[in-house]
file final-v2.txt (compact mmCIF, C-alpha atoms and all ligand atoms)
# COMPACT_ATOMS: atom_id res chain seq x y z
CA MET A 1 103.53 86.08 83.44
CA ALA A 2 102.09 89.23 81.98
CA VAL A 3 101.80 88.91 78.26
CA TYR A 4 98.22 89.61 77.26
CA THR A 5 98.93 90.50 73.63
CA GLN A 6 101.17 88.39 71.42
CA VAL A 7 103.35 90.37 69.03
CA SER A 8 104.31 88.68 65.77
CA ALA A 9 107.87 88.97 64.50
CA GLU A 10 106.56 90.66 61.34
CA ALA A 11 104.58 93.30 63.26
CA LEU A 12 107.52 93.96 65.57
CA GLY A 13 109.93 94.30 62.65
CA ASP A 14 107.61 96.85 60.98
CA PHE A 15 107.21 98.69 64.30
CA LEU A 16 110.96 98.95 64.90
CA ALA A 17 111.52 100.17 61.34
CA ARG A 18 109.91 103.48 62.40
CA TYR A 19 112.83 104.10 64.78
CA ASP A 20 116.57 104.58 64.49
CA VAL A 21 117.28 101.66 66.78
CA GLY A 22 118.83 99.06 64.49
CA GLU A 23 117.46 95.70 63.37
CA LEU A 24 115.48 93.25 65.45
CA VAL A 25 117.64 90.52 67.02
CA SER A 26 115.29 88.98 69.60
CA ALA A 27 112.14 89.60 71.63
CA LYS A 28 111.03 87.79 74.76
CA GLY A 29 107.91 88.18 76.85
CA ILE A 30 108.69 89.36 80.41
CA ALA A 31 107.31 87.25 83.23
CA GLU A 32 107.00 90.00 85.84
CA GLY A 33 104.17 92.49 86.03
CA VAL A 34 100.43 92.15 85.95
CA GLU A 35 99.08 95.24 84.22
CA ASN A 36 100.64 95.49 80.78
CA SER A 37 102.31 93.25 78.21
CA ASN A 38 106.08 93.74 78.30
CA TYR A 39 108.78 92.40 76.01
CA LEU A 40 112.53 92.65 76.24
CA VAL A 41 113.59 93.58 72.72
CA GLU A 42 117.17 93.37 71.52
CA THR A 43 118.27 95.09 68.34
CA THR A 44 121.61 95.35 66.62
CA GLN A 45 122.13 98.61 68.58
CA ASP A 46 120.70 98.19 72.07
CA ARG A 47 118.11 96.64 74.40
CA PHE A 48 114.66 98.10 74.90
CA ILE A 49 111.44 97.40 76.72
CA LEU A 50 108.37 97.18 74.52
CA THR A 51 105.17 97.87 76.47
CA LEU A 52 101.68 97.29 75.13
CA TYR A 53 99.14 98.98 77.38
CA GLU A 54 96.30 96.82 78.64
CA ARG A 55 93.64 96.76 81.30
CA ARG A 56 93.84 99.78 83.58
CA VAL A 57 95.90 102.10 81.39
CA ASN A 58 93.75 104.51 79.40
CA ALA A 59 95.45 105.40 76.10
CA ASP A 60 94.26 109.02 76.44
CA GLU A 61 96.36 109.32 79.58
CA LEU A 62 99.63 108.10 78.09
CA PRO A 63 100.73 111.69 77.25
CA TYR A 64 100.57 112.49 81.01
CA PHE A 65 102.76 109.50 81.90
CA MET A 66 105.25 110.27 79.13
CA ALA A 67 105.45 113.95 80.13
CA LEU A 68 106.08 112.91 83.74
CA LEU A 69 108.85 110.50 82.71
CA ASP A 70 110.44 113.16 80.49
CA HIS A 71 110.24 115.67 83.37
CA LEU A 72 111.85 113.29 85.85
CA ALA A 73 114.56 112.23 83.38
CA ALA A 74 115.34 115.90 82.68
CA LYS A 75 115.84 116.38 86.44
CA GLY A 76 118.38 113.58 86.46
CA LEU A 77 116.28 110.78 87.94
CA SER A 78 116.84 107.34 86.56
CA VAL A 79 113.47 106.69 84.95
CA PRO A 80 112.84 105.22 81.50
CA PRO A 81 111.46 107.71 78.99
CA ALA A 82 109.75 106.45 75.85
CA ILE A 83 111.90 106.46 72.73
CA LYS A 84 110.64 108.71 69.94
CA ASP A 85 110.46 107.47 66.36
CA ARG A 86 111.92 109.36 63.41
CA ASN A 87 108.87 111.66 63.40
CA GLY A 88 109.17 112.45 67.11
CA VAL A 89 106.25 110.17 68.02
CA ALA A 90 106.49 108.15 71.27
CA ILE A 91 102.99 106.67 71.60
CA GLN A 92 102.26 104.15 68.85
CA ARG A 93 99.91 101.27 68.12
CA LEU A 94 100.97 97.65 67.79
CA GLU A 95 98.77 94.56 67.45
CA GLY A 96 95.76 96.79 68.09
CA ARG A 97 97.07 98.13 71.42
CA PRO A 98 98.70 101.44 72.40
CA ALA A 99 102.42 100.74 72.64
CA CYS A 100 105.73 102.43 73.46
CA LEU A 101 109.35 101.50 73.03
CA ILE A 102 111.02 102.30 76.37
CA LYS A 103 114.61 102.86 77.39
CA PHE A 104 116.02 99.76 79.10
CA LEU A 105 117.45 100.37 82.58
CA ARG A 106 119.98 98.18 84.34
CA GLY A 107 119.27 96.54 87.66
CA VAL A 108 116.99 93.98 89.26
CA SER A 109 114.10 94.33 91.64
CA VAL A 110 114.76 92.83 95.04
CA SER A 111 112.43 90.24 96.52
CA HIS A 112 113.54 90.62 100.14
CA PRO A 113 114.62 94.24 100.64
CA THR A 114 117.13 94.93 103.38
CA PRO A 115 116.84 98.01 105.62
CA ALA A 116 119.73 99.58 103.67
CA GLN A 117 117.88 99.04 100.40
CA ALA A 118 114.69 100.41 101.94
CA LEU A 119 116.58 103.54 102.98
CA VAL A 120 117.73 104.32 99.44
CA ALA A 121 114.35 103.36 97.99
CA GLY A 122 112.56 105.73 100.38
CA GLY A 123 115.14 108.33 99.36
CA ALA A 124 114.31 107.76 95.70
CA LEU A 125 110.63 108.46 96.42
CA GLY A 126 111.61 111.67 98.23
CA GLN A 127 113.76 112.71 95.26
CA MET A 128 110.87 112.03 92.94
CA HIS A 129 108.50 114.17 95.02
CA ARG A 130 111.04 116.98 95.07
CA ALA A 131 111.57 116.74 91.32
CA VAL A 132 107.86 117.11 90.54
CA GLU A 133 107.31 120.23 92.62
CA ASP A 134 107.33 122.19 89.33
CA PHE A 135 105.54 119.55 87.23
CA ALA A 136 102.50 121.32 85.83
CA LEU A 137 100.22 118.48 84.71
CA ASP A 138 97.51 116.86 86.79
CA ARG A 139 95.87 113.48 86.64
CA PRO A 140 93.17 112.42 89.11
CA ASN A 141 93.95 109.16 90.90
CA SER A 142 91.92 106.55 89.03
CA MET A 143 92.53 104.15 91.95
CA GLY A 144 92.22 106.80 94.65
CA ALA A 145 90.17 106.78 97.84
CA GLN A 146 87.07 108.13 96.08
CA THR A 147 87.00 105.02 93.83
CA TRP A 148 87.26 102.27 96.45
CA GLN A 149 83.58 102.09 97.39
CA ALA A 150 82.57 101.58 93.75
CA LEU A 151 85.22 98.90 93.22
CA PHE A 152 84.04 97.20 96.41
CA GLU A 153 80.46 97.19 95.14
CA GLN A 154 81.57 95.83 91.76
CA CYS A 155 83.28 92.93 93.52
CA GLY A 156 80.17 92.50 95.65
CA ARG A 157 79.40 89.29 97.50
CA ASP A 158 81.85 87.43 95.26
CA LEU A 159 84.44 88.68 97.76
CA ASP A 160 83.26 85.88 100.03
CA ARG A 161 84.42 83.37 97.39
CA ILE A 162 87.95 84.55 98.22
CA HIS A 163 87.49 84.35 101.97
CA PRO A 164 84.38 83.92 104.15
CA ASP A 165 83.27 87.31 105.58
CA LEU A 166 85.58 89.26 103.27
CA TYR A 167 82.65 91.36 102.04
CA ASP A 168 81.67 92.37 105.59
CA ARG A 169 85.27 92.94 106.62
CA VAL A 170 85.98 95.26 103.69
CA GLU A 171 82.68 97.09 104.06
CA GLU A 172 83.46 97.93 107.66
CA ALA A 173 87.08 98.82 106.91
CA LEU A 174 86.08 101.18 104.11
CA ASP A 175 83.62 102.96 106.39
CA GLN A 176 86.31 103.42 109.02
CA VAL A 177 89.04 104.58 106.69
CA LEU A 178 87.02 106.82 104.40
CA ALA A 179 85.49 108.62 107.41
CA ARG A 180 89.00 109.59 108.52
CA TRP A 181 90.66 110.13 105.14
CA PRO A 182 92.78 113.30 105.26
CA THR A 183 92.14 116.04 102.72
CA ASP A 184 94.48 118.81 103.87
CA LEU A 185 97.91 117.25 103.33
CA PRO A 186 100.36 118.30 100.60
CA THR A 187 99.65 116.92 97.15
CA GLY A 188 101.77 116.45 94.04
CA ALA A 189 102.50 113.93 91.32
CA ILE A 190 102.89 110.56 93.03
CA HIS A 191 103.98 107.16 91.72
CA ALA A 192 101.21 105.33 93.62
CA ASP A 193 102.62 101.82 93.05
CA LEU A 194 106.26 101.95 94.15
CA PHE A 195 106.54 98.30 95.12
CA PRO A 196 109.93 96.55 95.20
CA ASP A 197 109.23 95.23 91.69
CA ASN A 198 109.05 98.80 90.43
CA ILE A 199 112.49 99.83 91.68
CA LEU A 200 115.55 98.45 89.93
CA MET A 201 118.65 98.13 92.10
CA LEU A 202 122.23 96.95 91.95
CA GLY A 203 123.38 96.13 95.46
CA ASP A 204 122.33 99.03 97.66
CA GLN A 205 122.03 101.50 94.77
CA VAL A 206 118.82 102.45 93.01
CA THR A 207 119.34 102.19 89.24
CA GLY A 208 115.80 102.89 88.11
CA LEU A 209 112.21 103.69 88.99
CA ILE A 210 109.76 102.09 86.57
CA ASP A 211 106.08 101.48 85.92
CA PHE A 212 104.59 104.95 86.35
CA TYR A 213 101.21 103.96 84.92
CA PHE A 214 99.31 104.61 88.15
CA ALA A 215 101.04 107.98 88.62
CA CYS A 216 98.60 110.74 89.45
CA THR A 217 98.04 113.82 91.57
CA ASP A 218 97.33 112.81 95.15
CA LEU A 219 98.58 113.11 98.73
CA ARG A 220 102.36 112.73 98.82
CA ALA A 221 102.22 110.92 102.14
CA TYR A 222 99.87 108.37 100.57
CA ASP A 223 102.71 107.44 98.18
CA LEU A 224 104.94 106.86 101.21
CA ALA A 225 102.23 104.75 102.88
CA VAL A 226 101.85 102.60 99.73
CA MET A 227 105.58 102.04 99.74
CA HIS A 228 105.72 101.22 103.43
CA GLY A 229 103.11 98.49 103.01
CA ALA A 230 104.76 97.07 99.91
CA TRP A 231 108.32 96.98 101.31
CA ALA A 232 108.06 96.25 105.01
CA PHE A 233 106.19 92.91 104.96
CA ASP A 234 106.78 89.45 103.61
CA SER A 235 104.77 88.68 100.48
CA THR A 236 101.91 87.13 102.46
CA GLY A 237 101.54 90.24 104.63
CA THR A 238 102.09 88.15 107.75
CA ASP A 239 105.53 89.24 108.95
CA PHE A 240 106.35 92.91 109.45
CA PHE A 241 109.98 93.99 109.21
CA PRO A 242 110.32 97.12 111.38
CA ALA A 243 113.82 98.11 110.26
CA THR A 244 112.72 98.00 106.62
CA GLY A 245 109.65 100.13 107.40
CA HIS A 246 111.80 102.64 109.27
CA GLY A 247 114.25 102.67 106.36
CA ILE A 248 111.52 103.69 103.92
CA VAL A 249 110.35 106.59 106.09
CA SER A 250 113.86 107.72 107.12
CA GLY A 251 115.16 107.63 103.54
CA TYR A 252 112.19 109.69 102.43
CA ARG A 253 112.68 112.26 105.19
CA ASP A 254 116.38 112.55 104.40
CA ALA A 255 115.59 113.33 100.76
CA PHE A 256 112.49 115.46 101.14
CA GLU A 257 110.15 116.77 103.80
CA LEU A 258 107.51 115.04 105.89
CA SER A 259 105.43 117.26 108.14
CA GLU A 260 104.11 116.23 111.54
CA ALA A 261 100.61 116.14 110.05
CA GLU A 262 101.75 113.77 107.29
CA LEU A 263 103.52 111.56 109.79
CA ALA A 264 100.44 111.44 111.99
CA ALA A 265 98.31 110.47 109.00
CA LEU A 266 100.50 107.54 107.93
CA PRO A 267 98.49 104.91 109.82
CA VAL A 268 95.20 105.76 108.14
CA LEU A 269 96.92 106.28 104.79
CA ALA A 270 98.52 102.85 105.12
CA GLN A 271 95.15 101.32 105.97
CA GLY A 272 93.68 102.96 102.88
CA ALA A 273 96.58 101.76 100.73
CA SER A 274 95.97 98.25 102.04
CA LEU A 275 92.32 98.43 101.00
CA ARG A 276 93.24 99.83 97.59
CA PHE A 277 95.50 96.86 96.79
CA LEU A 278 93.17 94.38 98.46
CA LEU A 279 90.35 95.57 96.18
CA SER A 280 92.30 95.69 92.92
CA ARG A 281 93.75 92.26 93.64
CA ALA A 282 90.32 90.91 94.57
CA TRP A 283 88.82 92.27 91.35
CA ASP A 284 91.63 90.66 89.36
CA TRP A 285 91.28 87.43 91.34
CA LEU A 286 87.61 87.22 90.42
CA ASN A 287 87.91 88.43 86.83
CA THR A 288 91.21 87.20 85.37
CA PRO A 289 90.48 84.61 82.66
CA ALA A 290 91.80 81.17 83.55
CA ASP A 291 93.97 81.07 80.42
CA ALA A 292 95.63 84.48 80.97
CA LEU A 293 99.43 84.33 81.15
CA VAL A 294 99.58 86.19 84.43
CA THR A 295 100.12 85.24 88.04
CA ARG A 296 97.28 86.64 90.15
CA LYS A 297 98.30 88.36 93.39
CA ASP A 298 96.79 87.37 96.71
CA PRO A 299 94.22 89.90 98.00
CA LEU A 300 94.40 88.50 101.53
CA ALA A 301 98.03 89.59 101.86
CA TYR A 302 96.58 93.10 102.01
CA LEU A 303 93.82 92.21 104.46
CA ARG A 304 96.62 91.17 106.83
CA ARG A 305 98.43 94.46 106.28
CA TYR A 306 95.20 96.34 106.93
CA ASP A 307 94.80 94.51 110.23
CA PHE A 308 98.39 95.34 111.12
CA TYR A 309 98.02 99.08 110.45
CA ARG A 310 94.66 99.23 112.20
CA THR A 311 96.30 97.87 115.32
CA PHE A 312 98.73 100.76 115.30
CA ASP A 313 96.19 103.45 114.58
CA PRO A 314 95.84 105.71 117.61
CA ALA A 315 92.40 106.79 116.41
CA THR A 316 90.91 103.34 116.89
CA THR A 317 90.24 101.39 120.03
CA LEU A 318 92.33 98.51 118.81
CA GLN A 319 95.68 99.63 120.12
CA GLY A 320 97.82 97.45 122.31
CA VAL A 321 101.19 97.54 120.64
CA ASN A 322 103.69 100.19 121.63
CA ALA A 323 106.14 100.34 118.77
CA ASP A 324 105.55 102.84 116.01
CA PRO A 325 105.91 101.05 112.64
CA PHE A 326 106.89 104.23 110.84
CA LEU A 327 109.58 105.61 113.14
CA ALA A 328 112.59 104.00 114.74
N1 LIG A 401 112.65 100.35 81.58
C1 LIG A 401 112.89 99.11 82.00
N2 LIG A 401 114.15 98.64 82.07
C2 LIG A 401 114.40 97.38 82.46
N3 LIG A 401 113.44 96.48 82.80
C3 LIG A 401 112.17 96.90 82.76
C4 LIG A 401 111.82 98.22 82.38
N4 LIG A 401 110.46 98.34 82.41
C5 LIG A 401 110.01 97.15 82.80
N5 LIG A 401 111.01 96.27 83.01
C6 LIG A 401 110.89 94.86 83.42
O1 LIG A 401 109.58 94.43 83.10
C7 LIG A 401 108.89 94.01 84.29
C8 LIG A 401 107.43 94.38 84.20
O2 LIG A 401 107.33 95.78 84.03
P1 LIG A 401 106.18 96.61 84.75
O3 LIG A 401 106.22 97.97 84.18
O4 LIG A 401 106.29 96.47 86.23
O5 LIG A 401 104.91 95.82 84.24
P2 LIG A 401 103.39 96.00 84.64
O6 LIG A 401 103.01 97.38 84.26
O7 LIG A 401 102.69 94.95 83.85
O8 LIG A 401 103.29 95.75 86.11
C9 LIG A 401 109.64 94.66 85.41
O9 LIG A 401 109.52 93.94 86.60
C10 LIG A 401 111.07 94.66 84.89
O10 LIG A 401 111.64 93.39 85.09
N1 LIG A 402 101.52 96.43 92.67
C1 LIG A 402 100.18 95.96 92.54
C2 LIG A 402 99.81 95.47 91.20
C3 LIG A 402 100.30 96.31 90.07
O1 LIG A 402 101.28 95.55 89.45
P1 LIG A 402 102.68 96.11 88.99
O2 LIG A 402 103.40 94.90 88.58
O3 LIG A 402 102.32 97.08 87.93
O4 LIG A 402 103.33 96.78 90.19
C4 LIG A 402 99.93 94.79 93.52
O5 LIG A 402 100.90 94.22 93.98
O6 LIG A 402 98.76 94.50 93.77
call {"tool": "encode", "arguments": {"input": "final-v2.txt", "output": "structure tokens"}}
result
Amino acid sequence: MAVYTQVSAEALGDFLARYDVGELVSAKGIAEGVENSNYLVETTQDRFILTLYERRVNADELPYFMALLDHLAAKGLSVPPAIKDRNGVAIQRLEGRPACLIKFLRGVSVSHPTPAQALVAGGALGQMHRAVEDFALDRPNSMGAQTWQALFEQCGRDLDRIHPDLYDRVEEALDQVLARWPTDLPTGAIHADLFPDNILMLGDQVTGLIDFYFACTDLRAYDLAVMHGAWAFDSTGTDFFPATGHGIVSGYRDAFELSEAELAALPVLAQGASLRFLLSRAWDWLNTPADALVTRKDPLAYLRRYDFYRTFDPATTLQGVNADPFLA
């Protein structure tokens, strides 16, 4: 459960009084998520999400995220903009943390996406990339390829407390991936964390894209690679579901464009994405206080994905499987 900051009823009542949203009826901490504290807030008028920003979200960067959400919403995408108070202010403070009241979107995130759901989800990413072609703001990727070596060194030999040889494995993998990291592919605003838990769906329809707090300017195809890894495996990273992986890439291509160069780079981008989530999960695994109300995510599930993508990478000597995981 991700509730790092407790919000008292009194503080929440005072906070809501700044808005035209009615009176507080109830507030419940939301179990899902690992980065921020989220509450489902019900008032006499509507439901809202209350987010208090923790950990990796820098308060100075909230205006970028809010501008991106406003831009996407203005283009007709189903994303949740922050509600503005009576003075037009969206970014507030509550219980000592930066906080926003966010539009509630219908839908649920699927745990076992079907190929049909992957197709529409990949399409939603393509629509997002199209919609930001005229988005003017930039934000460097705070979890991008240039940051992985430092995060690896911060984890250090403690990685071997998670799994014997993990330090050596990651060191070698980083050398391999960073040496081949592409720099000449199209860039734009990317979501960078479009896991199934960040897409709300009803049946085979996407009803919302949420959790844009890793959004940044980076390679568009990297966003697709992140999504492929997050959607096309079981949660342990052991079983690969080819039709789901194909659905993500096909849906994206139907909605937007994917050049031959981007397609060719997907294996190394997916390896890099695997290392990115392996490292952030490993850091959290080693540093989350025992009493935190959050479920830590398994770093090794991304070591398995890395091994999978490495096997498919034509640039390595470790081939041996014929099927292409990205194309049908
Ligand atoms: N705008 C929203 N509408 C409906 N539910 C939401 C919304 N934003 C977040 N949620 C719910 O809260 C959960 C956690 O939100 P998320 O932004 O993923 O948290 P975190 O940033 O901590 O990972 C989501 O899985 C979803 O259930
Ligand atoms: N998706 C990341 C962790 C970030 O959590 P989220 O709930 O904000 O998506 C992972 O699975 O490691």
call {"tool": "closest_residue", "arguments": {"input": "final-v2.txt", "among": "A:Leu194, A:Ala82, A:Ala136, A:Leu219", "to": "ligand LIG 402 (chain A)", "atoms": "all atoms listed in the file"}}
result
A:Leu194
call {"tool": "residues_around", "arguments": {"input": "final-v2.txt", "residues": "A:Ile162", "least_positions_apart": "3", "cutoff": "10 Å", "atoms": "all atoms listed in the file", "output": "JSON, numbers by chain"}}
result
{"A": [157, 158, 159, 165, 166, 167, 282, 285, 286, 298, 299, 300]}
call {"tool": "atom_distance", "arguments": {"input": "final-v2.txt", "atom1": "atom CA of A:Arg56", "atom2": "atom CA of A:Gln154"}}
result
15.3 Å
call {"tool": "residues_near_ligand", "arguments": {"input": "final-v2.txt", "ligand": "ligand LIG 401 (chain A)", "cutoff": "8 Å", "atoms": "all atoms listed in the file", "output": "PyMOL selection string"}}
result
chain A and resi 2+30-40+48-49+51+79-81+102-109+197-198+200+208+210-213
call {"tool": "atom_distance", "arguments": {"input": "final-v2.txt", "atom1": "atom CA of A:Met128", "atom2": "atom CA of A:Arg253"}}
result
12.4 Å
call {"tool": "closest_residue", "arguments": {"input": "final-v2.txt", "among": "A:Ser235, A:Thr244, A:Asn287, A:Ser142", "to": "A:Arg304", "atoms": "all atoms listed in the file"}}
result
A:Ser235
call {"tool": "residues_around", "arguments": {"input": "final-v2.txt", "residues": "stretch 62-68 of chain A", "least_positions_apart": "6", "cutoff": "12 Å", "atoms": "all atoms listed in the file", "output": "JSON, numbers by chain"}}
result
{"A": [51, 52, 53, 54, 56, 74, 75, 77, 79, 80, 81, 82, 83, 84, 89, 90, 91, 92, 98, 99, 100, 101, 102, 128, 129, 131, 132, 133, 134, 135, 136, 137, 138, 139, 140, 188, 189, 190, 191, 210, 211, 212, 213, 214, 215, 216, 217]}
